[in-house]
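S.K.: The structure file target.cif (mmCIF, C-alpha atoms) is provided below.
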data_run
#
loop_
_atom_site.label_atom_id
_atom_site.label_comp_id
_atom_site.auth_asym_id
_atom_site.auth_seq_id
_atom_site.Cartn_x
_atom_site.Cartn_y
_atom_site.Cartn_z
CA MET A 1 -12.25 -4.63 -31.52
CA ILE A 2 -9.68 -4.94 -28.75
CA THR A 3 -10.76 -3.37 -25.46
CA SER A 4 -9.17 -2.99 -22.06
CA SER A 5 -10.21 -5.27 -19.19
CA PHE A 6 -10.16 -2.16 -17.00
CA ARG A 7 -12.95 -0.44 -18.98
CA PRO A 8 -16.68 -1.20 -19.31
CA GLN A 9 -17.44 -3.67 -22.09
CA GLY A 10 -20.06 -3.25 -24.84
CA HIS A 11 -22.59 -0.51 -25.48
CA GLY A 12 -26.21 0.23 -24.66
CA GLN A 13 -28.15 -2.72 -23.23
CA THR A 14 -25.16 -5.03 -23.74
CA ARG A 15 -22.85 -2.77 -21.72
CA ARG A 16 -21.32 -4.48 -18.71
CA LYS A 17 -18.85 -3.68 -15.96
CA PRO A 18 -15.07 -3.80 -16.47
CA ASP A 19 -13.77 -7.36 -16.34
CA VAL A 20 -11.27 -6.31 -13.68
CA ARG A 21 -12.54 -4.30 -10.72
CA VAL A 22 -11.94 -3.74 -7.02
CA LEU A 23 -14.61 -4.27 -4.36
CA GLU A 24 -14.76 -2.34 -1.12
CA ILE A 25 -16.71 -4.36 1.45
CA LYS A 26 -17.92 -2.47 4.52
CA ARG A 27 -19.50 -4.54 7.26
CA VAL A 28 -22.91 -3.33 8.41
CA ALA A 29 -23.27 -1.69 11.81
CA ASP A 30 -25.08 -4.59 13.50
CA SER A 31 -22.67 -7.32 12.37
CA THR A 32 -19.97 -8.89 14.52
CA ASP A 33 -17.34 -7.29 12.25
CA ALA A 34 -18.94 -3.84 12.20
CA GLY A 35 -16.59 -1.19 10.85
CA ARG A 36 -14.23 -3.63 9.12
CA VAL A 37 -13.38 -2.92 5.49
CA ASP A 38 -12.11 -5.57 3.09
CA TRP A 39 -10.67 -4.94 -0.37
CA ILE A 40 -11.21 -7.61 -3.03
CA LEU A 41 -9.77 -7.73 -6.54
CA VAL A 42 -12.17 -9.38 -9.01
CA GLU A 43 -11.54 -10.58 -12.56
CA ARG A 44 -14.21 -11.92 -14.90
CA LYS A 45 -13.05 -14.27 -17.67
CA GLU A 46 -15.33 -15.65 -20.36
CA GLU A 47 -14.72 -18.18 -23.13
CA LEU A 48 -17.26 -18.70 -25.91
CA GLU A 49 -17.17 -21.25 -28.71
CA ARG A 50 -19.36 -20.43 -31.69
CA ASP A 51 -20.78 -22.48 -34.51
CA PRO A 52 -18.87 -21.32 -37.63
CA ARG A 53 -22.01 -21.63 -39.75
CA THR A 54 -24.54 -19.79 -37.56
CA ASN A 55 -22.22 -17.84 -35.21
CA GLU A 56 -24.36 -19.08 -32.33
CA VAL A 57 -22.64 -19.93 -29.07
CA HIS A 58 -22.62 -23.70 -28.60
CA ARG A 59 -20.37 -23.80 -25.54
CA GLY A 60 -19.36 -21.22 -22.98
CA LYS A 61 -17.43 -20.92 -19.74
CA ILE A 62 -17.19 -18.16 -17.18
CA SER A 63 -14.84 -17.78 -14.25
CA VAL A 64 -15.04 -14.99 -11.69
CA PHE A 65 -11.76 -14.92 -9.81
CA TYR A 66 -11.22 -13.00 -6.60
CA TRP A 67 -8.22 -12.10 -4.44
CA ASP A 68 -8.39 -10.97 -0.83
CA LEU A 69 -6.18 -7.87 -0.81
CA SER A 70 -6.76 -7.29 2.91
CA ALA A 71 -5.17 -10.54 4.09
CA GLY A 72 -2.15 -12.73 3.55
CA THR A 73 1.21 -11.44 2.34
CA ALA A 74 2.52 -9.99 -0.90
CA SER A 75 3.62 -13.48 -1.96
CA ASP A 76 0.58 -15.38 -0.64
CA ILE A 77 -2.76 -13.65 -1.33
CA PRO A 78 -5.89 -15.72 -0.52
CA ASP A 79 -7.98 -16.28 -3.63
CA GLY A 80 -10.88 -18.24 -5.08
CA GLU A 81 -13.26 -18.44 -8.03
CA PHE A 82 -16.90 -18.96 -8.98
CA LEU A 83 -17.60 -20.92 -12.17
CA GLY A 84 -20.30 -21.37 -14.79
CA PHE A 85 -20.66 -23.55 -17.89
CA TYR A 86 -23.05 -23.72 -20.86
CA ASP A 87 -23.38 -26.47 -23.47
CA LYS A 88 -25.95 -26.21 -26.24
CA VAL A 89 -25.44 -29.77 -27.49
CA PHE A 90 -26.18 -31.28 -24.07
CA ASP A 91 -28.77 -28.58 -23.36
CA GLY A 92 -27.56 -27.56 -19.94
CA ILE A 93 -26.08 -24.80 -17.80
CA SER A 94 -24.16 -25.11 -14.56
CA ILE A 95 -23.98 -22.10 -12.26
CA THR A 96 -21.59 -23.80 -9.83
CA SER A 97 -19.14 -25.77 -11.96
CA SER A 98 -17.01 -25.70 -15.11
CA SER A 99 -18.79 -28.76 -16.52
CA LEU A 100 -22.16 -30.53 -16.55
CA SER A 101 -20.81 -33.79 -15.19
CA THR A 102 -21.55 -33.17 -11.51
CA GLY A 103 -23.90 -31.07 -9.41
CA GLY A 104 -21.65 -28.56 -7.74
CA TYR A 105 -21.91 -25.99 -4.98
CA VAL A 106 -20.09 -22.77 -4.09
CA ARG A 107 -18.12 -21.63 -1.09
CA VAL A 108 -16.38 -18.36 -0.19
CA ASP A 109 -12.90 -18.81 1.25
CA PRO A 110 -11.19 -17.76 3.41
CA PRO A 111 -13.98 -17.84 6.03
CA ARG A 112 -13.20 -14.27 7.14
CA LEU A 113 -14.80 -13.03 3.91
CA ARG A 114 -18.16 -14.62 4.64
CA GLY A 115 -20.98 -12.45 5.85
CA GLY A 116 -20.17 -9.44 3.66
CA TRP A 117 -22.32 -10.43 0.64
CA LEU A 118 -19.25 -11.31 -1.44
CA GLY A 119 -20.69 -14.73 -2.30
CA THR A 120 -23.93 -13.10 -3.43
CA TYR A 121 -22.00 -10.65 -5.59
CA LEU A 122 -19.98 -13.40 -7.28
CA MET A 123 -22.94 -15.74 -7.78
CA ASN A 124 -24.96 -12.89 -9.25
CA GLU A 125 -22.27 -12.51 -11.92
CA ILE A 126 -22.69 -16.18 -12.83
CA VAL A 127 -26.49 -16.04 -12.82
CA ALA A 128 -26.61 -12.91 -15.00
CA TRP A 129 -24.32 -14.66 -17.48
CA ALA A 130 -26.44 -17.84 -17.50
CA LYS A 131 -29.64 -15.93 -18.26
CA GLN A 132 -28.34 -15.32 -21.80
CA TRP A 133 -29.80 -18.75 -22.58
CA PRO A 134 -33.21 -18.51 -20.86
CA ASP A 135 -34.66 -21.78 -22.21
CA THR A 136 -31.75 -23.93 -21.06
CA PRO A 137 -32.17 -26.21 -18.00
CA VAL A 138 -29.92 -25.43 -15.05
CA ARG A 139 -27.80 -28.29 -13.74
CA GLU A 140 -28.74 -29.27 -10.20
CA VAL A 141 -26.98 -27.79 -7.19
CA THR A 142 -26.11 -30.28 -4.46
CA LEU A 143 -26.27 -29.35 -0.78
CA LEU A 144 -24.12 -31.43 1.56
CA ALA A 145 -24.88 -32.06 5.22
CA GLY A 146 -21.23 -31.38 6.07
CA ASP A 147 -21.64 -27.78 4.94
CA ALA A 148 -24.40 -27.19 7.50
CA ASP A 149 -22.55 -27.75 10.77
CA ASP A 150 -24.94 -25.57 12.78
CA PRO A 151 -28.52 -24.32 12.30
CA GLN A 152 -27.52 -20.73 11.51
CA ASN A 153 -25.06 -21.78 8.81
CA ARG A 154 -27.65 -24.13 7.33
CA ILE A 155 -30.31 -21.43 7.16
CA ARG A 156 -27.85 -18.94 5.69
CA ARG A 157 -26.64 -21.41 3.06
CA ASN A 158 -30.13 -22.46 1.97
CA ARG A 159 -31.33 -18.87 1.79
CA PHE A 160 -28.31 -17.98 -0.33
CA TYR A 161 -29.39 -20.31 -3.14
CA GLU A 162 -33.11 -19.66 -2.72
CA ARG A 163 -32.60 -15.95 -3.35
CA PHE A 164 -31.48 -16.83 -6.87
CA GLY A 165 -34.69 -18.73 -7.52
CA LEU A 166 -33.57 -22.28 -6.71
CA GLU A 167 -35.86 -24.69 -4.86
CA PHE A 168 -34.67 -27.90 -3.22
CA ASP A 169 -35.77 -31.41 -2.49
CA PHE A 170 -34.21 -32.13 0.90
CA THR A 171 -33.27 -35.58 2.12
CA ASP A 172 -33.79 -34.83 5.82
CA LYS A 173 -36.18 -32.82 7.96
CA ASP A 174 -33.42 -30.41 9.03
CA LYS A 175 -32.86 -29.39 5.40
CA SER A 176 -29.14 -29.99 5.71
CA ALA A 177 -28.78 -31.99 2.47
CA GLY A 178 -30.61 -32.02 -0.83
CA VAL A 179 -30.65 -31.35 -4.56
CA SER A 180 -32.13 -28.40 -6.43
CA ARG A 181 -35.23 -28.89 -8.54
CA SER A 182 -35.32 -28.42 -12.29
CA ILE A 183 -35.38 -24.79 -13.41
CA LEU A 184 -34.74 -22.93 -16.65
CA ALA A 185 -32.00 -20.31 -16.72
CA GLY A 186 -34.54 -17.63 -17.57
CA ASN A 187 -36.31 -18.24 -14.25
CA LEU A 188 -33.21 -17.62 -12.18
CA LYS A 189 -33.30 -14.38 -10.20
CA GLU A 190 -30.59 -11.77 -10.11
CA VAL A 191 -29.86 -10.45 -6.62
CA THR A 192 -28.62 -6.95 -5.81
CA THR A 193 -28.63 -6.98 -2.00
CA TRP A 194 -24.83 -7.08 -2.17
CA ALA A 195 -24.99 -3.32 -2.76
CA GLN A 196 -25.75 -2.89 0.97
CA THR A 197 -22.11 -3.59 1.80
CA ILE A 198 -20.15 -3.59 -1.47
CA THR A 199 -18.93 -0.64 -3.53
CA GLU A 200 -17.33 -1.26 -6.92
CA HIS A 201 -14.20 0.65 -7.98
CA ASP A 202 -12.44 0.51 -11.32
CA LEU A 203 -8.83 -0.56 -10.96
CA PRO A 204 -7.01 2.52 -12.38
CA ARG A 205 -8.82 4.90 -10.01
CA TYR A 206 -8.28 2.54 -7.09
CA LEU A 207 -4.54 2.42 -7.81
CA ARG A 208 -4.40 6.21 -8.22
CA ALA A 209 -6.12 6.68 -4.85
CA ALA A 210 -3.80 4.13 -3.22
CA LEU A 211 -0.77 5.92 -4.67
CA SER A 212 -2.06 9.27 -3.40
CA ASP A 213 -2.51 7.78 0.06
CA ALA A 214 1.02 6.36 -0.07
CA GLU A 215 2.43 9.74 -1.11
CA GLU A 216 0.56 11.47 1.71
CA MET A 217 1.84 8.91 4.20
CA ALA A 218 5.39 9.44 2.91
CA VAL A 219 5.10 13.20 3.47
CA THR A 220 3.69 12.63 6.95
CA ALA A 221 6.48 10.18 7.75
CA HIS A 222 9.09 12.70 6.53
CA MET A 223 7.62 15.39 8.78
CA GLN A 224 7.58 13.00 11.73
CA VAL A 225 11.25 12.12 11.15
CA ARG A 226 12.09 15.82 10.98
CA ASP A 227 10.18 16.53 14.20
CA PHE A 228 11.87 13.59 15.91
CA LYS A 229 15.32 14.85 14.87
CA GLU A 230 14.54 18.33 16.18
CA LEU A 231 13.35 16.87 19.48
CA TYR A 232 16.45 14.67 19.71
CA ASP A 233 18.75 17.66 19.10
CA GLU A 234 16.83 19.61 21.72
CA LEU A 235 17.31 16.86 24.29
CA ARG A 236 21.01 16.61 23.55
CA PHE A 237 21.36 20.39 24.00
CA ALA A 238 19.45 20.20 27.28
CA GLU A 239 21.81 17.50 28.55
CA ARG A 240 24.92 19.50 27.70
CA HIS A 241 23.70 22.98 28.67
CA PRO A 242 20.80 22.61 31.12
CA VAL A 243 20.81 26.23 32.35
CA ARG A 244 20.94 27.72 28.87
CA TRP A 245 18.24 25.28 27.73
CA ILE A 246 15.93 26.26 30.61
CA ALA A 247 16.45 29.93 29.87
CA SER A 248 15.86 29.52 26.15
CA ALA A 249 12.80 27.34 26.73
CA TRP A 250 11.38 29.92 29.13
CA LEU A 251 11.98 32.68 26.61
CA ARG A 252 10.28 30.69 23.85
CA ASN A 253 7.27 29.59 25.85
CA ARG A 254 6.69 32.53 28.20
CA PRO A 255 6.98 35.70 26.09
CA ALA A 256 4.41 37.56 28.19
CA GLY A 257 6.28 36.70 31.38
CA VAL A 258 9.52 37.89 29.85
CA ALA A 259 7.97 41.19 28.83
CA ILE A 260 6.59 41.77 32.32
CA ALA A 261 9.93 40.90 33.90
CA VAL A 262 11.80 43.26 31.59
CA VAL A 263 9.36 46.09 32.27
CA GLY A 264 9.65 45.47 36.00
CA ILE A 265 13.44 45.52 35.91
CA VAL A 266 13.49 48.71 33.85
CA ALA A 267 10.94 50.35 36.13
CA ALA A 268 12.87 49.43 39.24
CA ALA A 269 16.10 50.71 37.74
CA TRP A 270 14.46 53.97 36.70
CA SER A 271 13.00 54.49 40.17
CA GLY A 272 16.38 53.93 41.75
CA PHE A 273 17.94 56.39 39.34
CA LYS A 274 15.40 59.10 40.26
CA LEU A 275 15.91 58.60 43.99
CA VAL A 276 19.60 59.13 43.61
#
Spit out the file's structure as structure tokens when you get a sec.

M.R.:
Amino acid sequence: MITSSFRPQGHGQTRRKPDVRVLEIKRVADSTDAGRVDWILVERKEELERDPRTNEVHRGKISVFYWDLSAGTASDIPDGEFLGFYDKVFDGISITSSSLSTGGYVRVDPPRLRGGWLGTYLMNEIVAWAKQWPDTPVREVTLLAGDADDPQNRIRRNRFYERFGLEFDFTDKDKSAGVSRSILAGNLKEVTTWAQTITEHDLPRYLRAALSDAEEMAVTAHMQVRDFKELYDELRFAERHPVRWIASAWLRNRPAGVAIAVVGIVAAAWSGFKLV
């Protein structure tokens, strides 16, 4: 059955999120970017090759693409992807690469997107996919010393992988480089802490909301242009007829004063009439 990438896929326990969705990332109050909101477009693509005799999956690939909608220009939107690969024949799964040939690693770019749990969100998609084959060994993840340029980054990077159940054999006492230990896909851990900062939106509703905001902004802009034109005409009138403008402005803005003045004038005139 053909289904839309904008709708949830499957039913019951096999039901999963739409393949295309929008993420709203709100920075937590105590972060350096507190109050900032980023919008990320995400697309999940999966390719499965099945054995024609048993219908079992013997090879699979997953890519989770993302685009930074809050940065760049309309013709140059920053993007990236997280990858996963499964091969039954070679009995292996990679949660960081599109093949089993090398031990990979992941990185969120551009750097401005780091610290909002986006990497955790994307990696969790890969891990959840890999757990379909629980008895399959996970290909090692390689940590490079160059990715740990300061202690805080090193701790953050190592903790990122460890949350998903990976353990490492490090090559130095600072734990800046190393290789993950053997683990079966079923022992990987899914992580949901990304929900602290990330809200998922389906694309049609996101576009509808964006269009509504644009329409509201257009109405506001139209009213501002109208108000500006009225103010401009008022200034031109004031330049050409200053006395008339002052009088009209006083009449518009001081109705109570006008009423008192009129009553006073009438009263004075009436008194003078009686004295005569």

S.K.: Give one line per residue of range 112-220 of chain A that approaches range 88-103 of chain A to at most 6 Å, naming the two atoms of the closest pair and their distance in Å to one decimal, counting only C-alpha atoms; sort by chain then ascending residue number and deliver it as a tab-separated table.

M.R.:
residue	atom	partner	partner_atom	distance
A:Thr136	CA	A:Gly92	CA	5.7
A:Pro137	CA	A:Gly92	CA	5.2
A:Val138	CA	A:Ile93	CA	4.8
A:Arg139	CA	A:Ser94	CA	4.9
A:Glu140	CA	A:Gly103	CA	5.2
A:Val141	CA	A:Gly103	CA	5.0
A:Thr142	CA	A:Gly103	CA	5.5

S.K.: Nearest residue to Thr199 in chain A out of A:Arg44, A:Lys173, A:Lys26, A:Lys17, using all atoms listed in the file?

M.R.: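 Using all atoms listed in the file, Thr199 in chain A sits closest to A:Lys26.
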
S.K.: I'd like to see the residues matched by the PyMOL selection byres ((chain A and resi 144-157) around 8) on this file, and ideally I'd get them as a ChimeraX atom specification.

M.R.: /A:142-143,158-161,175-178

S.K.: Residue by residue, what does the PyMOL selection byres ((chain A and resi 190) around 12) grab here? Present the result as number ranges by chain.

M.R.: A: 120-131, 160-166, 185-189, 191-194

S.K.: Translate the PyMOL selection byres ((chain A and resi 79) around 10) into a concrete residue list for this structure, as a PyMOL selection string.

M.R.: chain A and resi 40-42+65-69+72+76-78+80-81+108-110

S.K.: Go ahead and compute the interatomic distance for CA of Glu24 in chain A and CA of Leu118 in chain A, in Å to one decimal.

M.R.: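 Atom-to-atom, CA of Glu24 in chain A and CA of Leu118 in chain A are spaced 10.0 Å apart.
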
S.K.: Quote the spacing between CA of Ile62 in chain A and CA of Asp19 in chain A in Å to one decimal place.

M.R.: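 Answer for the CA of Ile62 in chain A to CA of Asp19 in chain A separation: 11.4 Å.
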
S.K.: Here's a test: counting all atoms listed in the file, identify every protein, DNA and RNA residue with an atom at most 9 Å from (-5.8, -3.6, -15.4) in the file's coordinate frame, and state them as a list of chain:residue names.

M.R.: A:Ser4, A:Ser5, A:Phe6, A:Arg7, A:Asp19, A:Val20, A:Arg21, A:Asp202, A:Leu203, A:Pro204

S.K.: Could you please determine the separation between CA of His201 in chain A and CA of Ile25 in chain A in Å, to one decimal place?

M.R.: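 About the pair CA of His201 in chain A and CA of Ile25 in chain A: they are 11.0 Å apart.
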
S.K.: Between A:Leu184, A:Leu211, A:Ala218, A:Gln9, which is the closest to Pro134 in chain A once you count only C-alpha atoms?

M.R.: A:Leu184

S.K.: Measuring atom to atom with only C-alpha atoms, identify which of A:Lys61, A:Lys229, A:Arg205, A:Arg53 is nearest to Val22 in chain A.

M.R.: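 Closest residue, counting only C-alpha atoms: A:Arg205.
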